[in-house]
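Shown next, in structure tokens, is the structure this report addresses.
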Amino acid sequence: MISNEVIRRLQSILPPHCLLLVREDLKPFESDGLTAFRNTPDVVALPETEEQVRQVLAACRETGTPVVFRGAGTGVSGGALPVDGAVLLAMTKFNRILHIDPASRTARVQPGVRNLAISEAAAAYGLYYAPDPSSQIACTIGGNVAENSGGVHCLKYGLTVHNVLSIRVLTIEGEELVIGSEAMDSPGYDLSALMIGSEGMLAVTLEITVKLLPKPERTQVVLAAFDDVEKGGAAVGAIISGGILPAGLEMMDKLAIEAAEAYAHAGYPLDAEAILLVEVDGTQEEVSEDVMRVREVLLASGATEVRTARDEAEQKKFWAGRKAAFPAVGRLAPDYYCMDGTIPRKALPAVLRRIAELSVEYALPVANVFHAGDGNLHPLILYDANQPNAWQKAERLGADILELCVEHGGTITGEHGVGVEKINQMCVQFGSDELQAFHGVKACFDSDGLLNPGKAVPTLHRCAEYGAMHVPGGKLPFPELPRF
Amino acid sequence: MQKIAEIIRAAQTPLRIRAGGTKDWHGENIAGEVLDVSANTGIVSYEPGELVLTARCGTPLAEIEALLDRHGQMLAFEPPHYGTTSTLGGTLACGLSGPRRPYTGSARDFVLGMEILDGNGQHLKFGGQVIKNVAGYDVSRLMVGALGTLGVLLQASLKVLPKPQSEMTMQFECDETEALRRMNEWAGKPIPLSAGAWLSGVFTVRLSGAESSVHAAHNKLGGEVHEHGAEFWKGLRDHSAAFFQDEVPLWRLSLPSTTPALSLPGKQFINWGGAERWLKSDAPATEIRARAAAHVGHATLYSGDKTAGVFQPLPDALMKYHRRLKQQFDPRGILNAGRMYPGL
Amino acid sequence: MQTNLSKSFRNSSDGQEADSILRACVHCGFCLATCPTYQILGDELDSPRGRIYLMKQMLEGAVVTQKTLKHLDRCLTCRNCETTCPSGVQYGKLIDIGRKFAEQNVSRPLGQKLQRKALAKFLPQTKLFGSTLKLGRMAKPFLPDSLANKIPSVNTVQSHLATKHSRKMIALAGCVQPALAPQINAAATRVMDAIGINLITASNAGCCGAVSFHLNFQEDGLDAMRRNIDAWWPHIEAGAEAIVMTASGCGATVKEYGHYLKNDPAYAEKAARVSALTRDLSEVLLQEEATLRIWLANRGPKDTRRVSFHSPCTLQHGQKITGVVEALLTVAGHTLLPVSETNLCCGSAGTYSLLEPEISTQLRDRKLGHLNQSEPEVIATANIGCLTHLQSGTSTSVRHWVELL
């Protein structure tokens with residue numbers, strides 16, 4: 001529990017409508033986009049000014065109170081899961097776009113600005129912000145910075161770390177740092193690489209300057225259907241080996257197609273085992289050439305149907321289904337658990353085969369949504385949380401899938417972050433020396449461990465326990481974690 | 001590698017990391033015994049279909065580029081070669097990128113994973129060999145541009161890209177202000193730009209992409225085709241162009257691309273579509289640094305008297321965190337101590 | 001989403017419905033993006049997802065207070081979130097249940113109670129509202145701005161004598177519209193007449209029930225619905241093709257009669273039939289597009305304008321009709337101007353502008369900023385509530401789109 005002294009200090013800093021203290025108001029903050037992990041916060045602060053943020057952090061530092069940061073709460077790794085005895089600091093009231101400079105192609109924004117709002121505001125200048133996580137309609141740029149979010153266009157345009165020029169952050173020690181700059185590099189160490197994706201463990205972001213790109217002259221989306229998932233996977237490799245760098249290259253399997261179609265009415269072929277969406281962009285001429293080449297490769301790879309979007313509206317529809325694919329599976333089952341492993345593309349057939357076997361073993365359906373271009377898999381495990389033990393089963397299946405990715409030379413998280421969800425798998429991905437180095441980095445910025453404690457990097461003790469328990473299986477790991 | 005680790009562990013005094021030795025002049029002059037890492041060579045894996053290459057850091061850049069070239073791929077950050085023996089490790093440690101950088105990304109942007117030896121000789125592996133990976137802090141990218149002060153780079157995995165089908169370099173006669181205006185205006189439009197430079201009244205741009213779109217863009221923009229475009233960009237990239245061949249101190253100013261003409265004494269070669277300005281000038285360091293800072297940029301001394309420091313000084317708060325990171329990765333201050341700033 | 005509703009509630013009709021709606025929600029948070037109150041306040045509790053959570057804990061038996069009620073009250077019921085929701089959560093239905101439950105379990109301050117009751121009882125009565133409005137207009141010069149802005153100026157109506165056509169459709173007179181803007185239904189009658197359809201009004205029909213229902217006098221609302229069904233039934237039996245709505249707010253409600261009255265054995269079937277027959281005026285005209293085009297061509301060009309169109313939430317989110325009015329205005333020769341944030345509510349939302357003036361005014365001004373961006377000659381909309389609310393904040397004329405045909 002949080003002490004009365006802390007509450008009193010927060011009350012002196014924040015007006016009543018910016019401070020939530022009673023259970024009735026707090027409960028809706030108990031989870032972010034990952035509802036399997038829930039923990040009602042002790043207090044929620046919704047500051048409106050930077051000065052309030054500064055004072056809240058000072059109060060936390062002086063009283064040794066942990067802080068968990070939260071944006072729109074759309075994250076799916078539990079990064080914003082409240083921690084006992086901590087202040088949950090939501091940055092959602094900082095939702096202003098401060099400046100768009102079309103000449104230098106930059107936008108300076110507050111952290112609570114929605115990802116998509118930046119592109120909407122920049123559209124007037126023929127510019128846009130490239131990273132587009134599926135939740136871009138709602139997720140905040142501050143959250144994107146914390147998680148180093150990706151999206152469907154990463155292969156060509158990179159992740160958040162490639163598209164943020166500078167951030168102004170506040171450390172728990174009360175220092176304001178400008179990291180990066182509007183120039184293309186800055187003196188000293190590349191702290192922006194460290195900060196971006198640090199999951200709220202190193203500092204809180206106050207302001208972000210992002211790079212804007214010119215909208216391509218033309219984009220075109222080709223949809224290909226396959227009667228076999230592995231053929232689809234092979235087609236992905238063939239496109240890239242053919243020297244084409246698509247802006248987006250996405251794959252969905254049958255279950256995912258069914259759900260996405262029900263929401264978006266995108267005209268996806270419902271009888272296909274897998275579809276590929278290939279987006280090419282560039283100049284008029286380039287796109288025409290690439291579309292021809294892509295079609296040839298797809299047909300040669302055994303596509304049963306290849307369709308080019310007729311117009312922009314149809315392109316949008318093709319994407320709408322894909323972007324809403326996660327929540328749309330809410331139509332197939334009351335709950336889903338979204339995984340985020342990345343694998344070398346060549347391992348795709350083997351990994352998909354094994355996931356299908358695991359799905360049978362655990363008797364839980366798995367819908368696969370896949371950033372095929374960059375090897376980022378999103379298996380969605382469908383379950384019903386109202387059924388006893390269903391979540392535990394889903395969680396174990398998820399762990400098996402992630403470890404399968406590591407086994408094939410991949411990683412446990414491509415863009416969602418570790419949060420609380422994949423913290424055990426960090427022990428599989430990294431050795432104890434690396435984990436210790438991570439703790440060392442953390443200590444450089446937050447020696448008392450007040451920022452988002454218990455997330456992203458496991459303690460060695462925890463890993464020892466996980467390793468010991470991991471072999472026999474069956475037993476529930478980490479009984480101290482909240483679990484539903 | 002084992003041997004390098006042992007040397008680090010045994011070292012009582014600072015070590016100076018060196019492989020090809022083409023960038024000995026870069027950074028502050030430091031003392032210390034040379035830690036030769038040039039034997040740590042070899043391409044570990046390369047699969048064109050994955051767009052990923054992994055190599056040991058002593059591998060010559062030329063070798064890597066030749067291999068990629070055979071498969072129609074490239075290092076898209078167009079790394080400078082300041083000599084024939086430039087290595088992958090030196091390039092990454094210095095964080096150097098060439099003319100293509102504003103349009104495709106920097107050296108750091110293409111790093112996917114790294115293996116290093118820290119200041120205790122401990123072998124650490126960060127990142128991985130896949131294009132998307134957000135597990136753990138991004139220590140691999142932290143190493144890029146750290147000048148070896150946080151660790152000896154052993155092995156790196158890089159994202160590589162297909163080479164453009166065709167390239168074309170065009171030139172226009174115009175003054176600096178007009179060139180800067182065009183560079184920024186064009187960069188905001190869907191034009192397949194891959195480099196933009198200006199030197200003494202001549203504005204030079206490069207287009208890269210499908211042949212048809214390069215030609216279409218040329219038709220739209222005009223300009224006289226440069227017959228030896230590749231040589232031009234190489235001269236700028238590797239500092240072999242005539243501009244760089246004199247004794248006047250060389251400065252690199254990194255600025256927002258829209259920064260207006262600087263009117264500092266000396267001559268300038270503008271690169272990176274306005275964001276990188278090479279300056280040959282005898283002006284005092286304080287004046288050059290103040291001008292760069294006024295435009296929220298920074299200035300680095302590439303050649304000349306280093307008494308005023310090579311790199312733009314950091315604000316105190318930022319320096320505090322730099323010191324802590326150094327302390328973390330190299331607590332005994334063994335690795336390239338002082339190469340970037342005193343105490344790092 | 002996992003649910004654990006109290007046993008007794010779960011077995012009720014509301015309970016079953018609420019449970020299935022709640023379980024469809026996967027907590028993705030997409031709805032935050034398009035929720036007007038969240039855009040302004042930046043507080044999860046004023047977002048659809050936050051309200052769903054507040055309702056969930058309430059329906060699961062947690063003790064709730066005026067805090068929950070406040071956040072439910074602040075919802076505009078614009079249902080923008082439903083359009084955004086990929087999981088198909090029927091938020092509108094859930095908040096009806098939640099509001100009813102909250103009203104029964106949380107007591108309001110007396111002042112609020114009286115204000116809401118007055119509105120619920122008074123607004124739906126066309127005659128009473130009409131005469132009060134006249135009084136208000138006379139007193140307008142003497143009223144403070146805040147109140148005076150809410151009183152629309154007088155509109156004169158040219159009455160049209162409809163010729164006899166064999167095709168008939170029923171028009172809903174509505175409650176506040178006849179007094180505030182009688183010219184709307186007159187224009188609708190004129191256009192329908194021109195394309196060969198008689199628009200008739202049932203004498204006993206009145207308010208669609210939305211006003212009382214959404215102020216949580218749900219029984220009063222249901223009574224109004226039953227009364228309308230009774231009034232329309234003879235005409236339906238006599239072969240009226242459709243029930244035509246000139247206010248999209250009423251349309252969204254009448255299209256849900258079947259849902260609202262599903263547990264009333266005497267009315268369930270009729271209500272479903274009424275809902276099935278209900279069309280927004282734009283839907284009817286779209287269906288009759290060919291005839292409409294002939295009429296427009298024969299009539300020759302009328303004064304064409306530069307128009308910004310505001311699609312009411314009840315049209316685009318409630319009835320999921322998009323692009324139709326815009327197309328009709330274009331067919332009639334007007335120039336449609338680009339408008340940003342078209343999905344966002346104008347803040348009118350029935351009685352919301354009176355109960356939550358601060359948020360409502362912020363939303364109105366934000367909306368007017370977008371609508372006036374391209375300097376239109378006229379702003380068109382499709383609902384009387386939006387029309388009067390928007391007009392109270394701008395000198396640009398705000399009209400129902402059918403008046404421009």
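Starting from 1 in every chain, residues are counted up; chains themselves are A, B, ... following the order of the structure tokens, and ligands are numbered from 1 as listed.
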What lies within 7 Å of range 55-60 of chain A using only C-alpha atoms, ignoring chain neighbours under 3 positions off, as a list in words?
Arg9, Leu10, Ile13, Glu51, Gln52, Thr63, Gly64, Thr65, Pro66, Ile172 and Gly174 of chain A
Enumerate, in order of chain and increasing residue number, the residues of chain A with an atom no farther than 6 Å from chain B, each with its shortest atom pair and distance in Å to one decimal, counting only C-alpha atoms, as a tab-separated table.
residue	atom	partner	partner_atom	distance
A:Ser104	CA	B:Thr258	CA	5.7
A:Glu182	CA	B:Pro256	CA	5.3
A:Ala183	CA	B:Pro256	CA	4.1
A:Tyr189	CA	B:Ala146	CA	5.5
A:Asp190	CA	B:Leu142	CA	5.2
A:Ala193	CA	B:Asp138	CA	5.9
A:Leu194	CA	B:Asp138	CA	5.3
A:Ser198	CA	B:Tyr137	CA	5.9
A:Pro214	CA	B:Gly188	CA	5.0
A:Pro216	CA	B:Pro190	CA	5.2
A:Glu217	CA	B:Pro190	CA	5.5
A:Gly237	CA	B:Gly49	CA	5.8
A:Ile240	CA	B:Gly49	CA	5.9
A:Ser241	CA	B:Gly49	CA	4.6
A:Gly243	CA	B:Pro162	CA	5.4
A:Glu285	CA	B:Ser213	CA	5.3
A:Glu286	CA	B:Ala210	CA	5.6
A:Pro344	CA	B:Val130	CA	6.0
A:Asp374	CA	B:Ile131	CA	5.7
A:Thr413	CA	B:Ala135	CA	5.7
A:Gly414	CA	B:Asn133	CA	4.2
A:Glu415	CA	B:Val134	CA	5.7
A:Gly417	CA	B:Val134	CA	5.8
A:Glu434	CA	B:Leu124	CA	5.8
A:Cys444	CA	B:Arg324	CA	5.5
Taking the chain letters and numbering used in this document, name the residues of range 140-351 of chain C that DSSP puts in helix (DSSP H, G or I), as a PyMOL selection string.
chain C and resi 140-142+145-148+177-180+182-194+210-214+218-237+248-254+257-260+268-277+281-287+289-299+313-318+324-331
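With the cut-off set to 6 Å and only C-alpha atoms counted, chain C residues close to chain A are Met1, Gln2, Arg23, Ala24, His27, Cys28, Gly29, Phe30, Ala33, Gly42, Gly50, Tyr53, Pro86 and Ser87 of chain C.
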Saved selection, atoms kept: all heavy atoms, as a tab-separated table (two decimals), in the first residue's frame:
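Once everything was written out, this is out19.tsv:
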chain	number	residue	atom	x	y	z
C	1	MET	N	-13.24	-10.56	-22.62
C	1	MET	CA	-12.81	-10.16	-21.29
C	1	MET	C	-13.52	-11.03	-20.27
C	1	MET	O	-14.68	-11.38	-20.44
C	1	MET	CB	-13.18	-8.68	-21.08
C	1	MET	CG	-12.44	-8.02	-19.97
C	1	MET	SD	-12.45	-6.22	-20.17
C	1	MET	CE	-14.18	-5.82	-20.02
C	2	GLN	N	-12.77	-11.38	-19.25
C	2	GLN	CA	-13.35	-12.22	-18.20
C	2	GLN	C	-14.42	-11.43	-17.44
C	2	GLN	O	-14.24	-10.26	-17.14
C	2	GLN	CB	-12.24	-12.62	-17.24
C	2	GLN	CG	-12.66	-13.74	-16.31
C	2	GLN	CD	-11.49	-14.21	-15.46
C	2	GLN	OE1	-10.42	-13.58	-15.47
C	2	GLN	NE2	-11.68	-15.28	-14.74
C	23	ARG	N	-18.12	-9.59	-22.53
C	23	ARG	CA	-17.15	-10.63	-22.89
C	23	ARG	C	-16.57	-10.41	-24.28
C	23	ARG	O	-15.46	-10.86	-24.57
C	23	ARG	CB	-17.79	-12.01	-22.76
C	23	ARG	CG	-18.14	-12.31	-21.30
C	23	ARG	CD	-18.50	-13.74	-21.10
C	23	ARG	NE	-17.35	-14.58	-21.35
C	23	ARG	CZ	-17.43	-15.89	-21.58
C	23	ARG	NH1	-18.59	-16.49	-21.60
C	23	ARG	NH2	-16.34	-16.58	-21.79
C	24	ALA	N	-17.32	-9.71	-25.11
C	24	ALA	CA	-16.79	-9.44	-26.46
C	24	ALA	C	-15.65	-8.42	-26.42
C	24	ALA	O	-14.81	-8.38	-27.31
C	24	ALA	CB	-17.91	-8.92	-27.36
C	27	HIS	N	-10.48	-5.23	-24.53
C	27	HIS	CA	-9.70	-4.21	-23.84
C	27	HIS	C	-8.57	-3.65	-24.70
C	27	HIS	O	-7.53	-3.25	-24.18
C	27	HIS	CB	-9.13	-4.80	-22.53
C	27	HIS	CG	-9.00	-3.80	-21.43
C	27	HIS	ND1	-7.80	-3.28	-21.02
C	27	HIS	CD2	-9.93	-3.20	-20.65
C	27	HIS	CE1	-7.99	-2.43	-20.03
C	27	HIS	NE2	-9.27	-2.36	-19.79
C	28	CYS	N	-8.76	-3.64	-26.02
C	28	CYS	CA	-7.66	-3.20	-26.89
C	28	CYS	C	-7.43	-1.70	-26.82
C	28	CYS	O	-6.34	-1.22	-27.10
C	28	CYS	CB	-7.92	-3.62	-28.33
C	28	CYS	SG	-9.31	-2.77	-29.11
C	29	GLY	N	-8.49	-0.95	-26.48
C	29	GLY	CA	-8.32	0.49	-26.33
C	29	GLY	C	-8.47	1.30	-27.61
C	29	GLY	O	-8.30	2.51	-27.60
C	30	PHE	N	-8.81	0.64	-28.73
C	30	PHE	CA	-8.99	1.39	-29.98
C	30	PHE	C	-10.05	2.49	-29.82
C	30	PHE	O	-9.96	3.55	-30.41
C	30	PHE	CB	-9.43	0.46	-31.13
C	30	PHE	CG	-8.31	-0.36	-31.72
C	30	PHE	CD1	-7.18	-0.66	-30.99
C	30	PHE	CD2	-8.40	-0.84	-33.03
C	30	PHE	CE1	-6.16	-1.42	-31.54
C	30	PHE	CE2	-7.38	-1.59	-33.59
C	30	PHE	CZ	-6.26	-1.89	-32.85
C	33	ALA	N	-9.53	6.32	-29.07
C	33	ALA	CA	-9.12	7.24	-30.13
C	33	ALA	C	-10.27	8.08	-30.66
C	33	ALA	O	-10.08	9.22	-31.07
C	33	ALA	CB	-8.49	6.47	-31.28
C	42	GLY	N	-8.79	13.23	-21.60
C	42	GLY	CA	-7.59	12.40	-21.46
C	42	GLY	C	-7.60	11.50	-20.24
C	42	GLY	O	-6.56	11.18	-19.69
C	50	GLY	N	-13.00	2.70	-20.37
C	50	GLY	CA	-13.09	2.99	-18.94
C	50	GLY	C	-14.50	2.83	-18.42
C	50	GLY	O	-14.75	2.26	-17.35
C	53	TYR	N	-15.46	-0.68	-18.11
C	53	TYR	CA	-14.90	-1.24	-16.87
C	53	TYR	C	-15.70	-0.79	-15.65
C	53	TYR	O	-15.95	-1.58	-14.73
C	53	TYR	CB	-13.44	-0.80	-16.73
C	53	TYR	CG	-12.52	-1.97	-16.51
C	53	TYR	CD1	-11.96	-2.65	-17.58
C	53	TYR	CD2	-12.23	-2.43	-15.23
C	53	TYR	CE1	-11.13	-3.73	-17.39
C	53	TYR	CE2	-11.40	-3.51	-15.02
C	53	TYR	CZ	-10.85	-4.16	-16.11
C	53	TYR	OH	-10.04	-5.24	-15.91
C	86	PRO	N	-13.17	-3.13	-33.28
C	86	PRO	CA	-13.00	-4.29	-34.15
C	86	PRO	C	-13.67	-5.54	-33.59
C	86	PRO	O	-13.94	-6.47	-34.34
C	86	PRO	CB	-11.48	-4.49	-34.20
C	86	PRO	CG	-10.89	-3.28	-33.58
C	86	PRO	CD	-11.90	-2.74	-32.64
C	87	SER	N	-13.91	-5.57	-32.29
C	87	SER	CA	-14.48	-6.79	-31.69
C	87	SER	C	-16.01	-6.80	-31.71
C	87	SER	O	-16.61	-7.74	-31.23
C	87	SER	CB	-14.00	-6.93	-30.24
C	87	SER	OG	-12.62	-6.74	-30.15
Could you name the residues that touch Asp446 in chain A at 9 Å or less, counting only C-alpha atoms, but leaving out those on the same chain fewer than 3 positions away, as a ChimeraX atom specification?
/A:171-173,201-203,441-443,449-451
Go ahead and save the picked residues with N, CA, C and O atoms, as a tab-separated table (two decimals), in the first residue's frame.
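part-v3.tsv was written with the following content:
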chain	number	residue	atom	x	y	z
A	171	THR	N	14.53	12.39	-15.73
A	171	THR	CA	15.01	11.22	-14.98
A	171	THR	C	14.42	11.25	-13.58
A	171	THR	O	13.91	12.28	-13.12
A	172	ILE	N	14.53	10.13	-12.91
A	172	ILE	CA	14.00	10.08	-11.54
A	172	ILE	C	14.82	10.99	-10.63
A	172	ILE	O	14.36	11.42	-9.58
A	173	GLU	N	16.03	11.32	-11.06
A	173	GLU	CA	16.84	12.24	-10.26
A	173	GLU	C	16.45	13.69	-10.51
A	173	GLU	O	17.04	14.61	-9.95
A	201	MET	N	11.61	2.19	-17.95
A	201	MET	CA	12.50	1.79	-16.86
A	201	MET	C	13.60	2.80	-16.61
A	201	MET	O	14.31	2.71	-15.61
A	202	LEU	N	13.82	3.74	-17.56
A	202	LEU	CA	14.97	4.63	-17.43
A	202	LEU	C	14.58	6.08	-17.17
A	202	LEU	O	15.31	6.81	-16.51
A	203	ALA	N	13.46	6.51	-17.70
A	203	ALA	CA	13.04	7.92	-17.56
A	203	ALA	C	11.63	8.06	-18.11
A	203	ALA	O	11.12	7.15	-18.75
A	441	VAL	N	22.79	-1.10	-16.66
A	441	VAL	CA	22.30	0.06	-17.41
A	441	VAL	C	21.17	0.72	-16.64
A	441	VAL	O	21.13	1.95	-16.48
A	442	LYS	N	20.28	-0.10	-16.14
A	442	LYS	CA	19.16	0.42	-15.36
A	442	LYS	C	19.68	1.24	-14.17
A	442	LYS	O	19.20	2.35	-13.90
A	443	ALA	N	20.70	0.71	-13.50
A	443	ALA	CA	21.22	1.38	-12.31
A	443	ALA	C	21.84	2.73	-12.64
A	443	ALA	O	21.85	3.64	-11.81
A	449	GLY	N	15.84	1.77	-8.41
A	449	GLY	CA	14.86	0.88	-9.05
A	449	GLY	C	13.43	1.31	-8.84
A	449	GLY	O	12.54	0.50	-8.60
A	450	LEU	N	13.16	2.62	-8.97
A	450	LEU	CA	11.80	3.12	-8.73
A	450	LEU	C	10.93	3.12	-9.99
A	450	LEU	O	9.71	3.15	-9.90
A	451	LEU	N	11.57	3.10	-11.16
A	451	LEU	CA	10.78	3.23	-12.39
A	451	LEU	C	10.36	1.86	-12.93
A	451	LEU	O	11.20	1.03	-13.27
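For the pair CA of Gln429 in chain A and CA of Leu112 in chain B, the interatomic distance is 15.0 Å.
Considering only C-alpha atoms, the residue among B:Leu35, B:Ala230, B:His26, B:Gly304 positioned nearest to Cys94 in chain B is B:His26.
For the atom pair formed by CA of Thr13 in chain B and CA of Gly42 in chain B, the distance is 29.4 Å, given to one decimal.
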Determine, counting only C-alpha atoms, which protein, DNA and RNA residues have an atom within 12 Å of an atom of range 57-62 of chain C; residues of the same chain fewer than 4 positions away are not included. Present the result as a VMD selection string.
(chain A and resid 23 to 28 30) or (chain C and resid 2 to 10 12 14 to 19 22 50 to 53 66 to 69 72 94 to 95 97 to 106)
Expected file: the selected residues, C-alpha atoms, as a compact mmCIF listing (two decimals), in the first residue's frame:
# COMPACT_ATOMS: atom_id res chain seq x y z
CA ARG A 23 -11.13 1.76 -5.76
CA GLU A 24 -14.14 2.60 -7.90
CA ASP A 25 -12.01 4.97 -9.99
CA LEU A 26 -8.85 2.87 -9.88
CA LYS A 27 -10.16 -0.47 -11.03
CA PRO A 28 -10.44 0.52 -14.73
CA GLU A 30 -5.91 -2.45 -13.50
CA GLN C 2 -13.35 -12.22 -18.20
CA THR C 3 -16.59 -11.43 -16.40
CA ASN C 4 -18.05 -12.37 -13.06
CA LEU C 5 -21.50 -10.81 -12.86
CA SER C 6 -23.49 -11.32 -9.70
CA LYS C 7 -25.62 -14.44 -10.00
CA SER C 8 -29.00 -12.79 -9.64
CA PHE C 9 -28.22 -10.15 -12.23
CA ARG C 10 -26.66 -12.59 -14.65
CA SER C 12 -31.96 -11.42 -15.85
CA ASP C 14 -30.30 -7.32 -18.99
CA GLY C 15 -27.71 -9.44 -17.24
CA GLN C 16 -27.40 -11.91 -20.07
CA GLU C 17 -27.11 -9.17 -22.61
CA ALA C 18 -24.56 -7.24 -20.56
CA ASP C 19 -22.48 -10.36 -19.98
CA LEU C 22 -18.71 -7.37 -21.87
CA GLY C 50 -13.09 2.99 -18.94
CA ARG C 51 -16.86 3.19 -18.78
CA ILE C 52 -17.17 -0.44 -19.79
CA TYR C 53 -14.90 -1.24 -16.87
CA GLN C 66 -21.85 9.19 -8.01
CA LYS C 67 -18.35 8.88 -9.47
CA THR C 68 -19.47 6.07 -11.76
CA LEU C 69 -22.68 7.91 -12.51
CA LEU C 72 -21.68 7.44 -17.46
CA LEU C 94 -24.43 -1.81 -22.69
CA ILE C 95 -24.59 1.78 -21.54
CA ILE C 97 -28.23 -1.23 -19.22
CA GLY C 98 -25.49 0.38 -17.17
CA ARG C 99 -27.30 3.68 -16.85
CA LYS C 100 -30.50 2.00 -15.80
CA PHE C 101 -28.64 -0.04 -13.21
CA ALA C 102 -26.73 2.97 -11.92
CA GLU C 103 -29.84 5.11 -11.70
CA GLN C 104 -31.45 2.45 -9.54
CA ASN C 105 -28.46 2.01 -7.28
CA VAL C 106 -26.92 5.44 -6.92
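Among the candidate residues A:Leu212, A:Ala107, A:Leu155, A:Leu89, the one lying nearest to Ala130 in chain A is A:Leu212, with distances computed using only C-alpha atoms.
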